[in-house]
Amino acid sequence: MINLLYYLDTASIDQIKRAFDLYPMSGVTTNPTIIARENTNFLGLLKEIREVIGTEKDLHVQVLSSTAEGMLEEARYLHEQIGGELYIKIPVTPQGIKAMKLLKKEGMNITATAIYTADQALMSAMAGADFVAPYVNRIDNISGNGVDVVSQIVTLLHNYGLDTMVLAASFKNIQQVHDVALCGGQSVTVNAEVMDGLLSHPLTDSSVTQFINDWENVYGKGKITNNL
Ligand code: E4P
């Protein structure tokens with residue numbers, strides 16, 4: 001069975017608690033900007049996120065070093081400190097690709113990030129990345145086509161028989177998520193607003209209100225199926 005995996009792109013504990021309570025979430029993705037936004041002890045925050053989502057859900061955390069050796073050290077440290085299903089996010093620089101090759105040998109989970117082209121994704125996959133994260137909206141914003149890039153990545157991964165999955169990121173609207181799902185992207189990471197937006201429809205709300213009104217007009221206010 002192939003699933004669409006939903007990830008929440010935030011480090012806000014409140015947003016994570018709410019989304020994991022309501023929706024079929026696979027995990028949480030962060031980046032340095034997202035963590036810095038919370039302006040708190042970063043390790044404490046990551047440990048709290050791990051506690052909220054549990055050890056079996058994926059947590060993606062990015063390294064900051066610019067050398068492969070530095071990235072490796074950070075990855076080992078994060079593993080030791082956070083544990084569970086941890087994915088080390090590594091930008092697709094030459095040093096990043098080297099780090100992916102080395103980290104794979106150590107058996108770590110890797111998410112290649114800051115992807116703007118299908119070739120960056122393909123090389124990351126060849127280097128051992130488990131996920132590749134194309135930035136859909138940022139590509140759209142530079143007069144590219146983010147969904148097209150995702151579609152090309154899906155095709156390349158399929159053509160070369162690679163197990164690497166797309167983790168499409170940087171969404172600003174529902175249509176982008178919809179188009180990524182249609183072209184076979186295996187997972188998406190979205191902010192809390194987009195996650196809610198995927199479900200919300202004014203006619204759904206008015207239909208539910210009408211059902212309740214029709215029912216209560218006959219059976220009485222506050223009556224439901226198990227208290228009549
Ligand atoms: C996730 O991996 C990315 O870092 C993130 O989705 C980027 O989103 P933004 O373009 O909204 O900053």
# chains A, B, ... in the order shown; residues from 1 in each chain; ligands from 1
$ residues_near_ligand --ligand "ligand 1" --cutoff "10 Å" --atoms "only C-alpha atoms and all ligand atoms" --output "ChimeraX atom specification"
/A:7-10,28-34,60-62,89-91,111-115,132-139,141,167-172,188-191
$ select_by_dssp --residues "segment 85-206 of chain A" --states "helix (DSSP H, G or I)" --output "PyMOL selection string"
chain A and resi 94-105+118-127+136-140+146-159+174-182+192-197+202-206
$ residues_around --residues "Gly70 of chain A" --least-positions-apart "2" --cutoff "12 Å" --atoms "only C-alpha atoms" --output "list in words"
Val63, Leu64, Ser65, Ser66, Thr67, Ala68, Leu72, Glu73, Glu74, Ala75, Arg76, Tyr77, Ile90, Gln95, Gly96, Lys98, Ala99, Leu102 and Leu103 of chain A
$ write_last_selection --atoms "N, CA, C and O atoms" --output "compact mmCIF listing (two decimals), in the first residue's frame"
# COMPACT_ATOMS: atom_id res chain seq x y z
N VAL A 63 21.33 19.89 10.19
CA VAL A 63 22.65 20.24 10.72
C VAL A 63 23.08 21.60 10.14
O VAL A 63 22.57 22.03 9.11
N LEU A 64 24.00 22.26 10.84
CA LEU A 64 24.42 23.61 10.44
C LEU A 64 25.82 23.67 9.85
O LEU A 64 26.18 24.65 9.19
N SER A 65 26.65 22.65 10.10
CA SER A 65 28.04 22.70 9.67
C SER A 65 28.16 22.81 8.15
O SER A 65 27.26 22.34 7.42
N SER A 66 29.27 23.38 7.69
CA SER A 66 29.46 23.46 6.24
C SER A 66 30.41 22.38 5.72
O SER A 66 30.59 22.25 4.52
N THR A 67 31.02 21.61 6.63
CA THR A 67 31.89 20.52 6.17
C THR A 67 31.23 19.18 6.49
O THR A 67 30.47 19.05 7.46
N ALA A 68 31.60 18.17 5.70
CA ALA A 68 31.03 16.83 5.91
C ALA A 68 31.38 16.32 7.31
O ALA A 68 30.52 15.75 8.00
N LEU A 72 28.75 15.23 10.20
CA LEU A 72 28.77 13.90 10.82
C LEU A 72 28.75 14.00 12.35
O LEU A 72 28.00 13.30 13.02
N GLU A 73 29.57 14.92 12.85
CA GLU A 73 29.61 15.09 14.31
C GLU A 73 28.27 15.55 14.85
O GLU A 73 27.79 15.07 15.87
N GLU A 74 27.65 16.51 14.15
CA GLU A 74 26.34 16.99 14.59
C GLU A 74 25.31 15.86 14.55
O GLU A 74 24.49 15.70 15.45
N ALA A 75 25.36 15.08 13.47
CA ALA A 75 24.39 13.99 13.30
C ALA A 75 24.51 12.98 14.45
O ALA A 75 23.50 12.55 15.02
N ARG A 76 25.73 12.63 14.80
CA ARG A 76 25.94 11.66 15.88
C ARG A 76 25.42 12.23 17.20
O ARG A 76 24.78 11.55 17.98
N TYR A 77 25.70 13.52 17.42
CA TYR A 77 25.26 14.19 18.65
C TYR A 77 23.72 14.19 18.72
O TYR A 77 23.13 13.85 19.75
N ILE A 90 20.22 17.32 5.59
CA ILE A 90 21.50 17.80 5.09
C ILE A 90 21.28 18.55 3.77
O ILE A 90 20.68 18.01 2.84
N GLN A 95 29.71 19.17 0.07
CA GLN A 95 30.05 18.61 1.38
C GLN A 95 28.86 17.83 1.95
O GLN A 95 29.02 16.82 2.64
N GLY A 96 27.67 18.32 1.65
CA GLY A 96 26.46 17.64 2.12
C GLY A 96 26.33 16.26 1.50
O GLY A 96 25.98 15.28 2.17
N LYS A 98 28.75 14.43 0.39
CA LYS A 98 29.78 13.58 1.01
C LYS A 98 29.28 13.08 2.38
O LYS A 98 29.41 11.90 2.70
N ALA A 99 28.67 14.00 3.14
CA ALA A 99 28.15 13.62 4.46
C ALA A 99 27.07 12.54 4.34
O ALA A 99 27.00 11.61 5.14
N LEU A 102 28.63 9.16 3.89
CA LEU A 102 29.26 8.65 5.11
C LEU A 102 28.21 8.29 6.17
O LEU A 102 28.31 7.26 6.85
N LEU A 103 27.18 9.13 6.29
CA LEU A 103 26.14 8.86 7.30
C LEU A 103 25.36 7.60 6.96
O LEU A 103 24.93 6.87 7.86
$ atom_distance --atom1 "atom CA of Arg18 of chain A" --atom2 "atom CA of Leu5 of chain A"
17.2 Å
$ residues_around --residues "Val154 of chain A" --least-positions-apart "4" --cutoff "9 Å" --atoms "only C-alpha atoms" --output "PyMOL selection string"
chain A and resi 118+149-150+158-159+165-166+183-186
$ write_last_selection --atoms "N, CA and C atoms" --output "compact mmCIF listing (two decimals), in the first residue's frame"
# COMPACT_ATOMS: atom_id res chain seq x y z
N ALA A 118 15.76 18.76 -9.96
CA ALA A 118 15.61 17.30 -9.94
C ALA A 118 16.97 16.61 -9.87
N VAL A 149 9.10 20.19 -10.83
CA VAL A 149 10.35 19.64 -10.28
C VAL A 149 10.03 18.38 -9.48
N VAL A 150 8.97 18.42 -8.67
CA VAL A 150 8.58 17.23 -7.91
C VAL A 150 8.27 16.08 -8.86
N HIS A 158 11.75 6.68 -9.81
CA HIS A 158 11.09 5.47 -10.31
C HIS A 158 11.94 4.81 -11.40
N ASN A 159 12.41 5.63 -12.36
CA ASN A 159 13.19 5.08 -13.49
C ASN A 159 14.45 4.35 -13.03
N MET A 165 12.30 8.63 -1.09
CA MET A 165 10.97 9.22 -1.25
C MET A 165 11.05 10.74 -1.31
N VAL A 166 10.10 11.32 -2.00
CA VAL A 166 9.99 12.78 -2.04
C VAL A 166 9.33 13.25 -0.75
N CYS A 183 0.85 14.15 -8.63
CA CYS A 183 1.97 13.69 -9.47
C CYS A 183 2.79 12.61 -8.76
N GLY A 184 2.31 12.13 -7.63
CA GLY A 184 2.95 10.95 -7.02
C GLY A 184 4.00 11.24 -5.96
N GLY A 185 4.06 12.48 -5.48
CA GLY A 185 4.97 12.79 -4.36
C GLY A 185 4.54 11.97 -3.15
N GLN A 186 5.48 11.29 -2.50
CA GLN A 186 5.11 10.36 -1.42
C GLN A 186 4.80 11.04 -0.11
$ select_by_dssp --residues "segment 6-86 of chain A" --states "strand (DSSP E)" --output "PyMOL selection string"
chain A and resi 6-9+25-29+58-62+86
$ write_last_selection --atoms "N, CA and C atoms" --output "PDB file, in the first residue's frame"
ATOM      1  N   TYR A   6       1.942  12.774   5.787  1.00  0.00           N
ATOM      2  CA  TYR A   6       1.836  14.182   6.155  1.00  0.00           C
ATOM      3  C   TYR A   6       2.806  14.494   7.285  1.00  0.00           C
ATOM      4  N   TYR A   7       3.583  15.540   7.110  1.00  0.00           N
ATOM      5  CA  TYR A   7       4.479  16.026   8.161  1.00  0.00           C
ATOM      6  C   TYR A   7       4.112  17.461   8.490  1.00  0.00           C
ATOM      7  N   LEU A   8       4.320  17.841   9.759  1.00  0.00           N
ATOM      8  CA  LEU A   8       4.096  19.223  10.142  1.00  0.00           C
ATOM      9  C   LEU A   8       5.432  19.945  10.175  1.00  0.00           C
ATOM     10  N   ASP A   9       5.491  21.069   9.482  1.00  0.00           N
ATOM     11  CA  ASP A   9       6.738  21.824   9.319  1.00  0.00           C
ATOM     12  C   ASP A   9       6.761  22.940  10.363  1.00  0.00           C
ATOM     13  N   MET A  25      -0.773  12.171  11.201  1.00  0.00           N
ATOM     14  CA  MET A  25       0.563  12.726  10.990  1.00  0.00           C
ATOM     15  C   MET A  25       1.641  11.637  11.032  1.00  0.00           C
ATOM     16  N   SER A  26       2.635  11.795  10.165  1.00  0.00           N
ATOM     17  CA  SER A  26       3.772  10.859  10.170  1.00  0.00           C
ATOM     18  C   SER A  26       4.971  11.398  10.935  1.00  0.00           C
ATOM     19  N   GLY A  27       4.998  12.698  11.150  1.00  0.00           N
ATOM     20  CA  GLY A  27       6.137  13.246  11.878  1.00  0.00           C
ATOM     21  C   GLY A  27       6.211  14.754  11.788  1.00  0.00           C
ATOM     22  N   VAL A  28       7.354  15.265  12.214  1.00  0.00           N
ATOM     23  CA  VAL A  28       7.594  16.710  12.271  1.00  0.00           C
ATOM     24  C   VAL A  28       8.889  17.008  11.521  1.00  0.00           C
ATOM     25  N   THR A  29       8.870  18.081  10.741  1.00  0.00           N
ATOM     26  CA  THR A  29      10.113  18.543  10.116  1.00  0.00           C
ATOM     27  C   THR A  29      10.457  19.914  10.682  1.00  0.00           C
ATOM     28  N   ASP A  58       8.464  10.215  12.840  1.00  0.00           N
ATOM     29  CA  ASP A  58       9.703  10.791  12.306  1.00  0.00           C
ATOM     30  C   ASP A  58       9.915  12.228  12.783  1.00  0.00           C
ATOM     31  N   LEU A  59      11.149  12.520  13.135  1.00  0.00           N
ATOM     32  CA  LEU A  59      11.527  13.892  13.462  1.00  0.00           C
ATOM     33  C   LEU A  59      12.736  14.251  12.594  1.00  0.00           C
ATOM     34  N   HIS A  60      12.595  15.325  11.814  1.00  0.00           N
ATOM     35  CA  HIS A  60      13.660  15.735  10.889  1.00  0.00           C
ATOM     36  C   HIS A  60      14.350  16.973  11.450  1.00  0.00           C
ATOM     37  N   VAL A  61      15.658  16.868  11.625  1.00  0.00           N
ATOM     38  CA  VAL A  61      16.427  17.973  12.212  1.00  0.00           C
ATOM     39  C   VAL A  61      17.647  18.263  11.335  1.00  0.00           C
ATOM     40  N   GLN A  62      17.849  19.537  11.059  1.00  0.00           N
ATOM     41  CA  GLN A  62      18.917  19.923  10.115  1.00  0.00           C
ATOM     42  C   GLN A  62      20.227  20.242  10.829  1.00  0.00           C
ATOM     43  N   LEU A  86      14.785   9.387  13.898  1.00  0.00           N
ATOM     44  CA  LEU A  86      15.369  10.702  13.614  1.00  0.00           C
ATOM     45  C   LEU A  86      15.918  10.735  12.188  1.00  0.00           C
TER      46      LEU A  86
END
$ residues_around --residues "segment 79-81 of chain A" --least-positions-apart "5" --cutoff "10 Å" --atoms "only C-alpha atoms" --output "list in words"
Leu43, Gly44, Leu46, Lys47, Glu73, Glu74, Leu86, Tyr87, Ile88 and Met108 of chain A
$ write_last_selection --atoms "N, CA, C and O atoms" --output "mmCIF file, in the first residue's frame"
data_model
loop_
_atom_site.group_PDB
_atom_site.id
_atom_site.type_symbol
_atom_site.label_atom_id
_atom_site.label_comp_id
_atom_site.auth_asym_id
_atom_site.auth_seq_id
_atom_site.Cartn_x
_atom_site.Cartn_y
_atom_site.Cartn_z
ATOM 1 N N LEU A 43 17.852 22.136 22.160
ATOM 2 C CA LEU A 43 17.850 20.706 22.473
ATOM 3 C C LEU A 43 16.635 20.343 23.337
ATOM 4 O O LEU A 43 15.976 19.324 23.111
ATOM 5 N N GLY A 44 16.350 21.229 24.292
ATOM 6 C CA GLY A 44 15.165 21.020 25.131
ATOM 7 C C GLY A 44 13.912 20.976 24.271
ATOM 8 O O GLY A 44 13.022 20.141 24.473
ATOM 9 N N LEU A 46 13.672 20.180 21.035
ATOM 10 C CA LEU A 46 13.621 18.954 20.225
ATOM 11 C C LEU A 46 13.235 17.748 21.077
ATOM 12 O O LEU A 46 12.482 16.872 20.636
ATOM 13 N N LYS A 47 13.736 17.717 22.309
ATOM 14 C CA LYS A 47 13.375 16.601 23.190
ATOM 15 C C LYS A 47 11.887 16.647 23.539
ATOM 16 O O LYS A 47 11.231 15.612 23.644
ATOM 17 N N GLU A 73 29.571 14.921 12.850
ATOM 18 C CA GLU A 73 29.612 15.089 14.309
ATOM 19 C C GLU A 73 28.270 15.553 14.850
ATOM 20 O O GLU A 73 27.791 15.069 15.871
ATOM 21 N N GLU A 74 27.651 16.514 14.150
ATOM 22 C CA GLU A 74 26.337 16.989 14.586
ATOM 23 C C GLU A 74 25.310 15.859 14.546
ATOM 24 O O GLU A 74 24.490 15.703 15.453
ATOM 25 N N LEU A 86 14.785 9.387 13.898
ATOM 26 C CA LEU A 86 15.369 10.702 13.614
ATOM 27 C C LEU A 86 15.918 10.735 12.188
ATOM 28 O O LEU A 86 16.592 9.797 11.750
ATOM 29 N N TYR A 87 15.611 11.812 11.476
ATOM 30 C CA TYR A 87 16.156 12.016 10.131
ATOM 31 C C TYR A 87 17.054 13.245 10.164
ATOM 32 O O TYR A 87 16.619 14.320 10.590
ATOM 33 N N ILE A 88 18.278 13.065 9.743
ATOM 34 C CA ILE A 88 19.223 14.169 9.707
ATOM 35 C C ILE A 88 19.078 14.889 8.379
ATOM 36 O O ILE A 88 19.269 14.292 7.309
ATOM 37 N N MET A 108 22.436 5.859 9.427
ATOM 38 C CA MET A 108 21.510 6.935 9.833
ATOM 39 C C MET A 108 20.488 7.241 8.742
ATOM 40 O O MET A 108 20.734 7.022 7.562
#
$ closest_residue --among "A:Leu4, A:Asn41, A:Leu22, A:Glu216" --to "Leu182 of chain A" --atoms "only C-alpha atoms"
A:Leu4
$ closest_residue --among "A:Ser200, A:Thr117, A:Ser12, A:Asn227" --to "Leu156 of chain A" --atoms "only C-alpha atoms"
A:Thr117
$ residues_around --residues "Leu122 of chain A" --least-positions-apart "3" --cutoff "8 Å" --atoms "only C-alpha atoms" --output "list in words"
Ala118, Asp119, Ala125, Met126, Ile153, Leu156 and Leu157 of chain A
$ write_last_selection --atoms "all heavy atoms" --output "compact mmCIF listing (two decimals), in the first residue's frame"
# COMPACT_ATOMS: atom_id res chain seq x y z
N ALA A 118 15.76 18.76 -9.96
CA ALA A 118 15.61 17.30 -9.94
C ALA A 118 16.97 16.61 -9.87
O ALA A 118 17.11 15.53 -9.29
CB ALA A 118 14.83 16.85 -11.18
N ASP A 119 17.99 17.23 -10.47
CA ASP A 119 19.32 16.61 -10.46
C ASP A 119 19.93 16.60 -9.06
O ASP A 119 20.64 15.66 -8.69
CB ASP A 119 20.23 17.32 -11.46
CG ASP A 119 19.67 17.17 -12.86
OD1 ASP A 119 19.76 16.07 -13.41
OD2 ASP A 119 19.08 18.14 -13.36
N ALA A 125 19.78 11.02 -3.76
CA ALA A 125 19.27 9.65 -3.67
C ALA A 125 20.40 8.65 -3.90
O ALA A 125 20.53 7.65 -3.19
CB ALA A 125 18.14 9.44 -4.68
N MET A 126 21.25 8.95 -4.89
CA MET A 126 22.38 8.06 -5.17
C MET A 126 23.37 8.04 -4.00
O MET A 126 24.07 7.05 -3.78
CB MET A 126 23.13 8.52 -6.44
CG MET A 126 22.32 8.43 -7.72
SD MET A 126 21.64 6.80 -8.03
CE MET A 126 23.10 5.80 -8.06
N ILE A 153 11.31 14.55 -10.22
CA ILE A 153 12.01 13.74 -9.21
C ILE A 153 11.32 12.38 -9.06
O ILE A 153 11.97 11.33 -9.02
CB ILE A 153 12.05 14.47 -7.85
CG1 ILE A 153 12.87 15.76 -7.96
CG2 ILE A 153 12.64 13.57 -6.77
CD1 ILE A 153 12.80 16.67 -6.73
N LEU A 156 12.34 10.27 -12.01
CA LEU A 156 13.74 9.81 -11.95
C LEU A 156 13.91 8.71 -10.91
O LEU A 156 14.58 7.70 -11.16
CB LEU A 156 14.66 11.00 -11.62
CG LEU A 156 14.88 12.00 -12.77
CD1 LEU A 156 15.62 13.23 -12.26
CD2 LEU A 156 15.66 11.35 -13.90
N LEU A 157 13.32 8.91 -9.74
CA LEU A 157 13.47 7.90 -8.67
C LEU A 157 12.88 6.57 -9.13
O LEU A 157 13.44 5.49 -8.89
CB LEU A 157 12.80 8.37 -7.37
CG LEU A 157 13.40 9.62 -6.71
CD1 LEU A 157 12.58 10.03 -5.49
CD2 LEU A 157 14.86 9.38 -6.31
$ atom_distance --atom1 "atom CA of Thr40 of chain A" --atom2 "atom CA of Asn173 of chain A"
28.6 Å
